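Next comes query.txt, with compact mmCIF, C-alpha atoms.
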```txt
# COMPACT_ATOMS: atom_id res chain seq x y z
CA MET B 20 -22.40 -27.23 12.57
CA HIS B 21 -19.72 -27.39 9.92
CA PRO B 22 -17.10 -24.63 10.00
CA GLN B 23 -17.34 -21.95 7.36
CA PRO B 24 -14.45 -20.08 5.72
CA LYS B 25 -13.38 -17.10 7.79
CA GLY B 26 -15.56 -14.04 7.33
CA VAL B 27 -18.48 -15.97 5.81
CA THR B 28 -21.76 -15.55 7.67
CA VAL B 29 -24.26 -16.78 5.11
CA SER B 30 -27.29 -18.75 6.18
CA THR B 31 -27.57 -22.52 5.79
CA ALA B 32 -29.99 -22.00 2.88
CA ILE B 33 -27.46 -19.85 1.06
CA ALA B 34 -24.30 -21.78 1.92
CA PRO B 35 -24.82 -24.64 -0.59
CA THR B 36 -25.23 -22.14 -3.42
CA LEU B 37 -22.22 -19.96 -2.63
CA LEU B 38 -19.92 -22.70 -1.39
CA ASN B 39 -20.73 -25.33 -4.01
CA GLY B 40 -20.47 -22.92 -6.91
CA HIS B 41 -21.78 -23.18 -10.45
CA PRO B 42 -20.07 -24.54 -13.59
CA ALA B 43 -20.88 -21.39 -15.56
CA VAL B 44 -19.24 -19.16 -12.96
CA ALA B 45 -16.24 -21.48 -12.78
CA LEU B 46 -15.88 -21.29 -16.57
CA LEU B 47 -16.20 -17.50 -16.45
CA LEU B 48 -13.40 -17.20 -13.87
CA GLY B 49 -11.25 -19.59 -15.88
CA LEU B 50 -11.71 -17.46 -18.98
CA MET B 51 -10.88 -14.37 -16.94
CA THR B 52 -7.56 -15.97 -15.98
CA VAL B 53 -6.80 -16.84 -19.60
CA CYS B 54 -7.55 -13.28 -20.68
CA VAL B 55 -4.96 -11.93 -18.23
CA PHE B 56 -2.36 -13.75 -20.32
CA ALA B 57 -3.91 -13.01 -23.70
CA SER B 58 -5.12 -9.45 -24.09
CA THR B 59 -5.70 -6.19 -22.23
CA ALA B 60 -8.96 -5.57 -24.12
CA LEU B 61 -10.26 -9.06 -23.36
CA THR B 62 -9.22 -8.68 -19.73
CA ASN B 63 -11.27 -5.50 -19.40
CA LEU B 64 -14.25 -7.10 -21.13
CA MET B 65 -14.17 -10.21 -18.97
CA ALA B 66 -13.67 -8.13 -15.82
CA LEU B 67 -16.87 -6.28 -16.67
CA VAL B 68 -18.79 -9.54 -17.12
CA VAL B 69 -17.42 -11.03 -13.89
CA SER B 70 -18.28 -7.81 -12.04
CA LEU B 71 -21.88 -7.92 -13.27
CA VAL B 72 -22.21 -11.51 -12.09
CA ALA B 73 -20.65 -10.58 -8.75
CA LEU B 74 -23.09 -7.68 -8.33
CA TRP B 75 -25.98 -10.08 -8.91
CA VAL B 76 -24.57 -12.46 -6.27
CA TRP B 77 -24.23 -9.63 -3.74
CA ALA B 78 -27.78 -8.46 -4.43
CA LYS B 79 -29.28 -11.95 -4.19
CA TYR B 80 -27.32 -13.53 -1.32
CA ARG B 81 -25.89 -10.54 0.57
CA PRO B 82 -22.78 -12.19 2.07
CA TRP B 83 -21.92 -9.11 4.12
CA GLY B 84 -19.75 -11.16 6.47
CA LEU B 85 -17.06 -11.15 3.79
CA LEU B 86 -16.45 -7.49 4.56
CA ARG B 87 -15.01 -8.47 7.94
CA GLU B 88 -11.91 -9.77 6.19
CA PRO B 89 -9.18 -7.10 6.65
CA LEU B 90 -8.25 -7.31 2.98
CA ALA B 91 -11.74 -5.99 2.21
CA TRP B 92 -11.75 -2.95 4.46
CA ILE B 93 -8.11 -2.13 3.72
CA SER B 94 -8.93 -2.06 0.00
CA LEU B 95 -12.07 0.01 0.50
CA ALA B 96 -10.29 2.40 2.85
CA LEU B 97 -7.49 2.92 0.32
CA LEU B 98 -10.00 3.61 -2.46
CA GLY B 99 -11.96 5.97 -0.22
CA TRP B 100 -8.84 7.91 0.75
CA LEU B 101 -7.77 8.10 -2.90
CA LEU B 102 -11.11 9.65 -3.86
CA LEU B 103 -11.18 12.02 -0.89
CA ARG B 104 -7.59 13.18 -1.39
CA ASP B 105 -8.09 13.84 -5.09
CA LEU B 106 -11.25 15.85 -4.49
CA ALA B 107 -9.50 17.82 -1.76
CA ALA B 108 -6.61 18.51 -4.16
CA GLY B 109 -9.01 20.23 -6.56
CA ALA B 110 -9.67 17.43 -9.01
CA GLY B 111 -13.06 17.31 -10.66
CA THR B 112 -15.36 14.40 -10.06
CA ALA B 113 -14.63 12.86 -13.46
CA GLU B 114 -10.86 13.07 -12.95
CA ALA B 115 -11.10 11.65 -9.42
CA LEU B 116 -13.18 8.73 -10.69
CA ARG B 117 -10.67 8.15 -13.49
CA GLN B 118 -7.89 7.86 -10.92
CA LEU B 119 -10.11 5.54 -8.92
CA GLY B 120 -10.50 3.41 -12.03
CA ASP B 121 -6.75 2.91 -12.23
CA PHE B 122 -6.99 1.06 -8.91
CA ARG B 123 -10.09 -0.92 -9.83
CA VAL B 124 -8.47 -4.23 -8.92
CA LEU B 125 -8.92 -3.24 -5.26
CA LEU B 126 -12.63 -2.86 -5.88
CA PHE B 127 -12.68 -6.18 -7.73
CA LEU B 128 -10.95 -7.79 -4.76
CA VAL B 129 -14.00 -7.04 -2.63
CA LEU B 130 -16.66 -7.31 -5.32
CA TRP B 131 -15.55 -10.69 -6.65
CA SER B 132 -14.95 -12.33 -3.27
CA PRO B 133 -18.29 -14.24 -3.14
CA LEU B 134 -17.44 -15.90 -6.46
CA PHE B 135 -14.29 -17.41 -4.92
CA MET B 136 -16.01 -18.97 -1.91
CA ALA B 137 -16.49 -22.19 -3.88
CA ALA B 138 -13.39 -24.37 -4.04
CA ARG B 139 -14.41 -25.45 -7.54
CA HIS B 140 -14.15 -21.87 -8.70
CA ARG B 141 -10.72 -21.43 -7.16
CA LEU B 142 -9.61 -24.74 -8.62
CA THR B 143 -10.71 -23.60 -12.08
CA VAL B 144 -8.60 -20.45 -11.75
CA VAL B 145 -5.67 -22.59 -10.66
CA LEU B 146 -6.03 -24.90 -13.65
CA ALA B 147 -6.39 -21.99 -16.06
CA PHE B 148 -3.25 -20.36 -14.67
CA ALA B 149 -1.35 -23.66 -14.82
CA ALA B 150 -2.40 -24.27 -18.42
CA CYS B 151 -1.57 -20.73 -19.57
CA MET B 152 1.76 -20.64 -17.77
CA SER B 153 2.70 -24.06 -19.15
CA ALA B 154 1.82 -22.88 -22.67
CA PHE B 155 3.74 -19.65 -22.11
CA VAL B 156 6.85 -21.45 -20.91
CA LEU B 157 6.75 -23.99 -23.72
CA ALA B 158 6.09 -21.34 -26.37
CA GLY B 159 8.90 -19.19 -25.00
CA ALA B 160 11.59 -21.76 -24.26
CA LEU B 161 11.23 -24.51 -26.85
CA PRO B 162 11.59 -22.36 -29.99
CA TYR B 163 14.62 -20.71 -28.40
CA LEU B 164 16.14 -24.11 -27.67
CA LEU B 165 15.37 -25.40 -31.16
CA ASP B 166 16.79 -22.59 -33.27
CA GLY B 167 18.45 -20.21 -30.81
CA LEU B 168 16.19 -17.28 -31.63
CA PRO B 169 14.19 -15.46 -28.96
CA PRO B 170 10.48 -15.91 -29.67
CA VAL B 171 9.43 -12.34 -28.88
CA ASN B 172 6.95 -11.15 -31.54
CA ARG B 173 7.52 -14.36 -33.47
CA TYR B 174 6.24 -17.41 -31.67
CA TYR B 175 4.45 -15.85 -28.70
CA PRO B 176 3.85 -12.08 -28.73
CA GLY B 177 3.60 -11.81 -24.96
CA THR B 178 6.76 -13.69 -24.09
CA ALA B 179 8.45 -10.65 -22.57
CA ASP B 180 5.21 -9.34 -21.11
CA VAL B 181 4.54 -11.75 -18.23
CA ALA B 182 5.00 -10.11 -14.86
CA GLY B 183 7.91 -11.31 -12.73
CA PRO B 184 5.68 -12.52 -9.87
CA MET B 185 3.76 -14.75 -12.27
CA LEU B 186 6.86 -16.67 -13.37
CA THR B 187 8.23 -16.61 -9.83
CA LEU B 188 5.17 -18.25 -8.31
CA ALA B 189 4.96 -20.83 -11.08
CA ILE B 190 8.63 -21.81 -10.72
CA VAL B 191 8.53 -22.04 -6.92
CA ALA B 192 5.22 -23.93 -6.94
CA CYS B 193 6.56 -26.53 -9.38
CA PHE B 194 9.75 -27.03 -7.37
CA TRP B 195 7.72 -27.26 -4.16
CA LEU B 196 5.45 -29.93 -5.65
CA VAL B 197 8.49 -31.90 -6.80
CA VAL B 198 9.65 -31.99 -3.17
CA HIS B 199 6.11 -32.53 -1.78
CA PRO B 200 4.21 -34.67 -4.33
CA ALA B 201 1.74 -35.76 -1.64
CA ALA B 202 0.15 -32.32 -1.89
CA LEU B 203 -1.50 -33.51 -5.10
CA ARG B 204 -2.95 -36.67 -3.55
CA GLY B 205 -6.64 -36.96 -4.31
CA TRP B 206 -6.54 -34.24 -6.96
CA PRO B 207 -8.28 -33.60 -9.32
CA ARG B 208 -11.19 -35.43 -7.67
CA THR B 209 -13.32 -32.72 -6.03
CA PRO B 210 -16.09 -33.74 -3.59
CA SER B 211 -19.54 -32.99 -4.94
CA THR B 212 -20.60 -30.93 -1.93
CA ASP B 213 -17.33 -29.04 -1.67
CA GLU B 214 -16.27 -27.74 1.75
CA VAL B 215 -19.65 -28.33 3.41
CA GLY B 216 -19.85 -31.57 5.38
CA GLN B 217 -16.77 -33.27 4.00
CA GLU B 218 -14.37 -35.56 5.77
CA PRO B 219 -10.88 -34.00 5.86
CA ALA B 220 -9.40 -36.94 3.94
CA ARG B 221 -11.77 -36.36 1.02
CA ARG B 222 -11.48 -32.62 0.87
CA ALA B 223 -9.43 -31.44 -2.11
CA TRP B 224 -7.78 -28.05 -1.64
CA PRO B 225 -6.14 -26.65 -4.76
CA VAL B 226 -2.56 -25.43 -4.87
CA TRP B 227 -1.17 -22.97 -7.40
CA PRO B 228 -0.21 -24.03 -9.97
CA VAL B 229 -0.76 -27.79 -10.26
CA TRP B 230 0.16 -30.19 -13.01
CA PRO B 231 -2.98 -32.05 -14.13
CA VAL B 232 -1.77 -35.65 -13.70
CA TRP B 233 -2.47 -38.28 -11.12
CA PRO B 234 0.21 -38.24 -8.40
CA GLU B 235 0.43 -42.05 -8.71
CA TRP B 236 1.95 -41.53 -12.16
CA PRO B 237 5.72 -41.79 -11.54
CA ALA B 238 6.48 -39.28 -14.29
CA SER B 239 4.50 -36.51 -12.56
CA ARG B 240 7.57 -35.33 -10.66
CA TRP B 241 9.61 -35.24 -13.85
CA ALA B 242 6.88 -33.26 -15.59
CA LEU B 243 6.81 -30.72 -12.77
CA LEU B 244 10.60 -30.55 -12.67
CA ALA B 245 10.73 -30.03 -16.44
CA LEU B 246 8.23 -27.17 -16.21
CA ALA B 247 10.17 -25.58 -13.37
CA VAL B 248 13.44 -25.79 -15.30
CA LEU B 249 11.81 -24.45 -18.47
CA GLY B 250 10.31 -21.63 -16.44
CA LEU B 251 13.72 -20.78 -15.05
CA PHE B 252 15.20 -20.98 -18.53
CA THR B 253 12.48 -18.65 -19.83
CA LEU B 254 13.18 -16.16 -17.08
CA LEU B 255 16.96 -16.14 -17.48
CA TRP B 256 17.36 -16.62 -21.24
CA VAL B 257 14.19 -15.52 -22.98
CA THR B 258 12.28 -12.77 -21.19
CA GLY B 259 15.21 -10.70 -19.92
CA ARG B 260 13.04 -9.36 -17.10
CA ARG B 261 15.48 -8.31 -14.42
CA THR B 262 12.66 -7.63 -11.99
CA GLY B 263 11.92 -11.34 -12.28
CA TYR B 264 15.42 -12.09 -10.99
CA VAL B 265 14.69 -9.97 -7.93
CA THR B 266 11.26 -11.46 -7.27
CA LEU B 267 12.54 -15.03 -7.59
CA LEU B 268 15.47 -14.30 -5.28
CA ALA B 269 13.10 -12.78 -2.70
CA ALA B 270 10.75 -15.76 -3.01
CA LEU B 271 13.54 -18.29 -2.53
CA LEU B 272 14.80 -16.45 0.56
CA VAL B 273 11.30 -16.50 2.06
CA TRP B 274 10.95 -20.19 1.23
CA ALA B 275 14.22 -20.88 3.06
CA ALA B 276 13.01 -18.90 6.09
CA LEU B 277 9.78 -20.91 6.19
CA ALA B 278 11.76 -24.13 5.99
CA SER B 279 13.70 -23.11 9.09
CA ARG B 280 10.43 -22.44 10.89
CA ARG B 281 8.98 -25.85 10.11
CA VAL B 282 12.08 -28.05 10.09
CA GLY B 283 14.92 -26.11 11.70
CA LEU B 284 18.03 -24.12 10.93
CA ARG B 285 19.58 -27.05 9.11
CA ALA B 286 16.73 -26.97 6.61
CA MET B 287 17.24 -23.23 6.22
CA ALA B 288 20.90 -23.82 5.40
CA VAL B 289 19.85 -26.26 2.69
CA GLY B 290 17.14 -23.88 1.53
CA LEU B 291 19.67 -21.09 1.08
CA LEU B 292 21.23 -23.16 -1.67
CA GLY B 293 18.33 -22.05 -3.86
CA PRO B 294 19.15 -18.32 -3.75
CA ALA B 295 22.86 -19.13 -4.08
CA LEU B 296 22.24 -21.29 -7.15
CA LEU B 297 20.06 -18.57 -8.68
CA VAL B 298 22.79 -15.96 -8.24
CA GLY B 299 25.26 -18.41 -9.76
CA ALA B 300 22.95 -19.11 -12.68
CA ILE B 301 22.50 -15.40 -13.36
CA TRP B 302 26.27 -15.02 -13.47
CA VAL B 303 26.82 -18.10 -15.66
CA VAL B 304 24.03 -17.48 -18.19
CA PRO B 305 25.43 -14.93 -20.69
CA GLU B 306 22.07 -13.25 -21.36
CA ALA B 307 21.26 -12.84 -17.68
CA ARG B 308 24.78 -11.70 -16.78
CA HIS B 309 24.66 -9.13 -19.57
CA ARG B 310 21.34 -7.77 -18.27
CA VAL B 311 22.75 -7.39 -14.76
CA GLN B 312 25.99 -5.82 -15.97
CA LEU B 313 23.91 -3.43 -18.06
CA VAL B 314 22.24 -2.18 -14.88
CA ILE B 315 25.64 -1.42 -13.34
CA THR B 316 26.77 0.39 -16.50
CA GLU B 317 23.56 2.41 -16.77
CA VAL B 318 23.62 3.43 -13.10
CA GLN B 319 27.24 4.55 -13.38
CA GLN B 320 26.45 6.50 -16.55
CA TYR B 321 23.57 8.24 -14.78
CA LEU B 322 25.66 9.12 -11.73
CA ASP B 323 28.43 10.51 -13.94
CA THR B 324 25.97 12.82 -15.73
CA GLN B 325 25.39 16.34 -14.46
CA ASP B 326 22.06 16.84 -12.75
CA GLN B 327 20.72 19.24 -15.40
CA GLN B 328 21.51 16.69 -18.11
CA ARG B 329 20.19 13.57 -16.40
CA GLY B 330 16.78 14.00 -17.99
CA LEU B 331 18.43 13.24 -21.33
CA VAL B 332 19.73 9.84 -20.19
CA ASN B 333 17.55 7.34 -22.04
CA THR B 334 18.37 3.99 -20.44
CA SER B 335 16.14 1.69 -18.41
CA SER B 336 18.04 2.11 -15.15
CA GLY B 337 18.78 5.79 -15.76
CA LEU B 338 15.13 6.59 -16.37
CA ARG B 339 14.11 4.81 -13.19
CA LEU B 340 16.68 6.68 -11.12
CA ARG B 341 15.44 9.94 -12.62
CA PHE B 342 11.83 9.01 -11.90
CA TRP B 343 12.63 8.13 -8.29
CA GLU B 344 14.61 11.30 -7.63
CA THR B 345 11.85 13.44 -9.07
CA THR B 346 9.15 11.56 -7.15
CA VAL B 347 11.05 12.08 -3.88
CA GLU B 348 10.98 15.81 -4.61
CA VAL B 349 7.20 15.59 -5.15
CA ILE B 350 6.90 13.77 -1.82
CA ALA B 351 8.81 16.58 -0.13
CA ASP B 352 6.11 19.03 -1.27
CA SER B 353 3.50 17.24 0.84
CA PRO B 354 4.96 14.31 2.76
CA VAL B 355 1.99 13.74 5.10
CA LEU B 356 -1.10 14.00 2.90
CA GLY B 357 0.41 13.72 -0.57
CA VAL B 358 -0.35 15.90 -3.57
CA GLY B 359 -3.22 13.78 -4.88
CA LEU B 360 -2.84 11.24 -7.67
CA SER B 361 -4.63 13.53 -10.12
CA GLN B 362 -2.06 16.27 -9.40
CA PHE B 363 0.97 13.99 -9.45
CA PRO B 364 1.70 14.20 -13.22
CA ALA B 365 1.73 18.02 -13.18
CA GLN B 366 3.88 18.14 -10.04
CA PHE B 367 6.22 15.54 -11.48
CA MET B 368 6.70 17.48 -14.74
CA ALA B 369 7.16 20.76 -12.86
CA HIS B 370 10.05 19.30 -10.89
CA THR B 371 11.40 17.70 -14.07
CA GLN B 372 11.49 21.07 -15.83
CA ARG B 373 13.23 22.69 -12.88
CA ARG B 374 15.94 20.07 -13.19
CA GLY B 375 16.59 20.68 -16.87
CA GLY B 376 13.70 18.86 -18.52
CA ALA B 377 13.51 15.40 -20.00
CA LEU B 378 13.15 13.71 -23.37
CA SER B 379 9.47 12.94 -22.69
CA ASP B 380 6.84 12.98 -19.96
CA HIS B 381 7.25 9.23 -19.49
CA GLY B 382 7.18 8.49 -15.78
CA SER B 383 4.76 11.27 -14.86
CA GLY B 384 1.96 8.74 -14.47
CA ASN B 385 4.05 5.83 -13.25
CA PRO B 386 7.45 6.39 -11.58
CA HIS B 387 8.15 2.62 -11.61
CA ASN B 388 8.11 2.36 -7.83
CA GLU B 389 4.64 1.94 -6.41
CA TYR B 390 5.74 2.70 -2.85
CA LEU B 391 6.98 6.13 -3.90
CA TYR B 392 3.95 6.64 -6.12
CA MET B 393 1.50 5.94 -3.29
CA TRP B 394 3.44 8.16 -0.89
CA ALA B 395 3.66 11.04 -3.37
CA GLY B 396 0.02 10.87 -4.38
CA LEU B 397 -1.73 9.72 -1.20
CA GLY B 398 0.72 10.65 1.55
CA LEU B 399 1.41 8.56 4.62
CA PRO B 400 -2.22 7.34 5.01
CA GLY B 401 -2.18 5.92 1.48
CA LEU B 402 1.27 4.41 1.86
CA LEU B 403 0.37 2.75 5.17
CA LEU B 404 -2.85 1.31 3.74
CA TYR B 405 -0.91 0.04 0.73
CA LEU B 406 1.66 -1.62 2.98
CA ALA B 407 -1.18 -3.09 5.05
CA LEU B 408 -2.20 -5.22 2.04
CA PHE B 409 1.19 -6.94 2.06
CA VAL B 410 1.25 -7.19 5.86
CA ARG B 411 -2.14 -8.89 5.91
CA MET B 412 -1.14 -11.38 3.21
CA ALA B 413 2.13 -12.10 5.00
CA TRP B 414 0.26 -12.66 8.29
CA LEU B 415 -2.19 -15.05 6.60
CA ALA B 416 0.75 -16.98 5.17
CA TRP B 417 2.50 -17.12 8.53
CA ALA B 418 -0.67 -18.28 10.33
CA ALA B 419 -1.63 -20.91 7.73
CA GLN B 420 -1.44 -24.50 8.91
CA GLU B 421 -1.50 -26.03 5.43
CA PRO B 422 2.10 -26.11 4.09
CA ALA B 423 1.20 -25.53 0.44
CA ARG B 424 -0.87 -22.47 1.19
CA GLN B 425 1.72 -21.11 3.59
CA VAL B 426 4.63 -21.43 1.17
CA LEU B 427 2.83 -20.25 -1.97
CA LEU B 428 1.14 -17.29 -0.32
CA ALA B 429 4.40 -16.26 1.37
CA VAL B 430 6.46 -16.40 -1.81
CA ALA B 431 3.71 -14.63 -3.76
CA THR B 432 3.65 -11.82 -1.19
CA ALA B 433 7.44 -11.55 -1.30
CA ALA B 434 7.37 -11.47 -5.11
CA PHE B 435 4.75 -8.71 -5.23
CA ALA B 436 6.38 -6.63 -2.49
CA SER B 437 9.79 -6.77 -4.20
CA SER B 438 8.50 -6.23 -7.73
CA VAL B 439 6.91 -2.87 -6.91
CA LEU B 440 10.34 -1.51 -6.02
CA PHE B 441 11.01 -1.31 -9.77
CA ASN B 442 7.59 -1.53 -11.41
CA SER B 443 3.91 -1.03 -10.72
CA MET B 444 1.39 -3.61 -9.58
CA LEU B 445 -2.08 -2.26 -8.83
CA ILE B 446 -2.08 0.12 -11.80
CA ASP B 447 -0.55 -2.45 -14.15
CA MET B 448 -3.07 -4.54 -16.10
CA LYS B 449 -1.32 -7.90 -16.00
CA ALA B 450 0.36 -7.68 -12.59
CA GLY B 451 -2.68 -6.06 -11.00
CA HIS B 452 -5.12 -8.74 -12.08
CA PHE B 453 -2.66 -11.46 -11.14
CA PHE B 454 -2.41 -9.93 -7.66
CA LEU B 455 -6.21 -9.90 -7.53
CA LEU B 456 -6.53 -13.60 -8.44
CA THR B 457 -3.71 -14.61 -6.11
CA ALA B 458 -5.24 -12.79 -3.16
CA LEU B 459 -8.66 -14.34 -3.76
CA VAL B 460 -7.38 -17.88 -4.29
CA LEU B 461 -4.61 -18.07 -1.69
CA ALA B 462 -5.21 -15.33 0.88
CA TRP B 463 -8.91 -14.63 1.33
CA PHE B 464 -10.34 -18.08 2.03
CA PRO B 465 -8.44 -20.33 4.46
CA ARG B 466 -9.16 -24.01 4.77
CA PRO B 467 -12.11 -24.78 7.02
CA GLN B 468 -10.00 -26.68 9.55
CA GLU B 469 -7.93 -23.52 10.12
CA THR B 470 -11.03 -21.66 11.32
CA PRO B 471 -12.31 -22.26 14.86
CA ARG B 472 -15.78 -23.69 15.13
CA PRO B 473 -18.45 -21.07 15.92
```

Output the structure of this file as structure tokens.
Amino acid sequence: MHPQPKGVTVSTAIAPTLLNGHPAVALLLGLMTVCVFASTALTNLMALVVSLVALWVWAKYRPWGLLREPLAWISLALLGWLLLRDLAAGAGTAEALRQLGDFRVLLFLVLWSPLFMAARHRLTVVLAFAACMSAFVLAGALPYLLDGLPPVNRYYPGTADVAGPMLTLAIVACFWLVVHPAALRGWPRTPSTDEVGQEPARRAWPVWPVWPVWPEWPASRWALLALAVLGLFTLLWVTGRRTGYVTLLAALLVWAALASRRVGLRAMAVGLLGPALLVGAIWVVPEARHRVQLVITEVQQYLDTQDQQRGLVNTSSGLRLRFWETTVEVIADSPVLGVGLSQFPAQFMAHTQRRGGALSDHGSGNPHNEYLYMWAGLGLPGLLLYLALFVRMAWLAWAAQEPARQVLLAVATAAFASSVLFNSMLIDMKAGHFFLLTALVLAWFPRPQETPRP
């Protein structure tokens, strides 16, 4: 008997259908990935179509074994607790369901899982991400290099709207493939019968992202290196996303730690050059240095302002500090069970008014720290379930035997976990759907040889 991906208990009659995939489904998932880059409206529309297809697959093939994956029951438990806590807090059914809808990517994580059993489907998502990220980097960096003008709202409207973890994973993946070009060997040839009955040497497992060239082509490394450098340039010069600096730094530190595990402390010492060079680049690049210095100035301005006047401070860092302080006060009202996500905006504004008010109610629905948001709304049970998502992904990365999967999943987890210190993930359209696709491609389905034979 050939080993199946972990958590899959489909019959032999069903396995060829679910594991081999279908070109139409692969195209649909590729379009879904493109829509994440392109438009919120298109993302919602494609998510609806993908969900309908996934519902049909569940009804026809019933792959209930997928629910044994901890990512599935953690997601369902978090959604169940969200609904229960909101109803207990006095929210109506419609309001509780609306709050549930904000976290729909957790439902998609479970619902869409059968569609990602086929390696062809995952490969299509990888290629779509690689193509979109390459286009994004080229559209963002090249016009800036040619005429010195940032391309925001001119060449590419979404240049400043790509989540930090997306650029982080693309940059690290490209650098990793430059160092390990053998990871592309045999790609893009995909065996016709996928993961069922294949010899290990013929099995093609996709990495994220990949550059669609034959590894025998000597220029492939240079192409990957150029994309990585352009991605770094886009992050430091063009987008101005300081959260991206944090996520990339966290990812590089995790990469160095993994190098020490596989090669030794000497490799870790070499790996630490990456974070050191990033810090140096941030200091050398005028745009990046200005953005960092602006944080220091804004924090000092906020601290120097009297508490009753801090709500009038209208800077990026000042607003975040105000949001966090107010959210901590909301947590203190009900630290164990939380106040309920439906009640959080009212509680947030009540504390804001007691502290002198604010220029707007911005922050009442998103305090720009998802850890605090989950704790305030869902209490310790919600926070622990939320943390369990990252713990599970980190464990899967640590246990992976395939180096590409281990490194990319680890750095992705580090990028997500660090980004939510300053922004949202699950309730953010772009970051949330990227987390969804990353978890399904890299975390949910391990390589068959990593799973013991039944």

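Each of B:Leu292, B:Leu271, B:Leu356, B:Ala395 was compared to Ala429 in chain B using all atoms listed in the file, and B:Leu271 turns out to be the nearest.
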
If you count all atoms listed in the file, the residue of B:Trp100, B:Trp77, B:Asp121, B:Ala147 closest to Gly49 in chain B turns out to be B:Ala147

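With distances taken over all atoms listed in the file, B:Arg280 is the one residue among B:Arg280, B:His140, B:Arg240, B:Arg339 lying closest to Pro422 in chain B.
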
With all atoms listed in the file as the counted atoms, please give the residues lying no more than 9 Å from Gly109 in chain B, apart from itself and same-chain residues fewer than 2 positions off, as a CSV table (one decimal) with C-alpha atoms, in the frame of the given file.
```csv
chain,number,residue,atom,x,y,z
B,104,ARG,CA,-7.6,13.2,-1.4
B,105,ASP,CA,-8.1,13.8,-5.1
B,106,LEU,CA,-11.2,15.8,-4.5
B,107,ALA,CA,-9.5,17.8,-1.8
B,111,GLY,CA,-13.1,17.3,-10.7
B,359,GLY,CA,-3.2,13.8,-4.9
B,361,SER,CA,-4.6,13.5,-10.1
B,362,GLN,CA,-2.1,16.3,-9.4
```

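Of note, CA of Ile315 in chain B and CA of Leu291 in chain B are spaced 25.1 Å apart.
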
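CA of Arg374 in chain B is found 5.3 Å from CA of Gln327 in chain B.
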
Grab the CA of Ala137 in chain B to CA of Leu50 in chain B distance for me, in Å with one decimal place.
16.5 Å

Closest of B:Leu272, B:Ile93, B:Val358, B:Leu85 to Ala434 in chain B - atom-to-atom distances counting only C-alpha atoms:
B:Leu272

Show me the residues close to (12.0, 11.8, -7.2) - anything with an atom within 10 Å, counting all atoms listed in the file - and format the list as a PyMOL selection string.
chain B and resi 339-351+367+370-371+386+391-392+395

Given the point (3.3, -6.7, -12.8) in the coordinates of this file, which residues lie within 8 Å, counting all atoms listed in the file, and how would they look as a PDB file with C-alpha atoms, in the coordinates of the input?
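Heads up, here's the output in part23.pdb:
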```pdb
ATOM      1  CA  VAL B 181       4.540 -11.750 -18.230  1.00  0.00           C
ATOM      2  CA  ALA B 182       5.000 -10.110 -14.860  1.00  0.00           C
ATOM      3  CA  GLY B 183       7.910 -11.310 -12.730  1.00  0.00           C
ATOM      4  CA  PRO B 184       5.680 -12.520  -9.870  1.00  0.00           C
ATOM      5  CA  PHE B 435       4.750  -8.710  -5.230  1.00  0.00           C
ATOM      6  CA  SER B 438       8.500  -6.230  -7.730  1.00  0.00           C
ATOM      7  CA  VAL B 439       6.910  -2.870  -6.910  1.00  0.00           C
ATOM      8  CA  ASN B 442       7.590  -1.530 -11.410  1.00  0.00           C
ATOM      9  CA  SER B 443       3.910  -1.030 -10.720  1.00  0.00           C
ATOM     10  CA  MET B 444       1.390  -3.610  -9.580  1.00  0.00           C
ATOM     11  CA  ASP B 447      -0.550  -2.450 -14.150  1.00  0.00           C
ATOM     12  CA  MET B 448      -3.070  -4.540 -16.100  1.00  0.00           C
ATOM     13  CA  LYS B 449      -1.320  -7.900 -16.000  1.00  0.00           C
ATOM     14  CA  ALA B 450       0.360  -7.680 -12.590  1.00  0.00           C
ATOM     15  CA  GLY B 451      -2.680  -6.060 -11.000  1.00  0.00           C
ATOM     16  CA  PHE B 453      -2.660 -11.460 -11.140  1.00  0.00           C
TER      17      PHE B 453
END
```
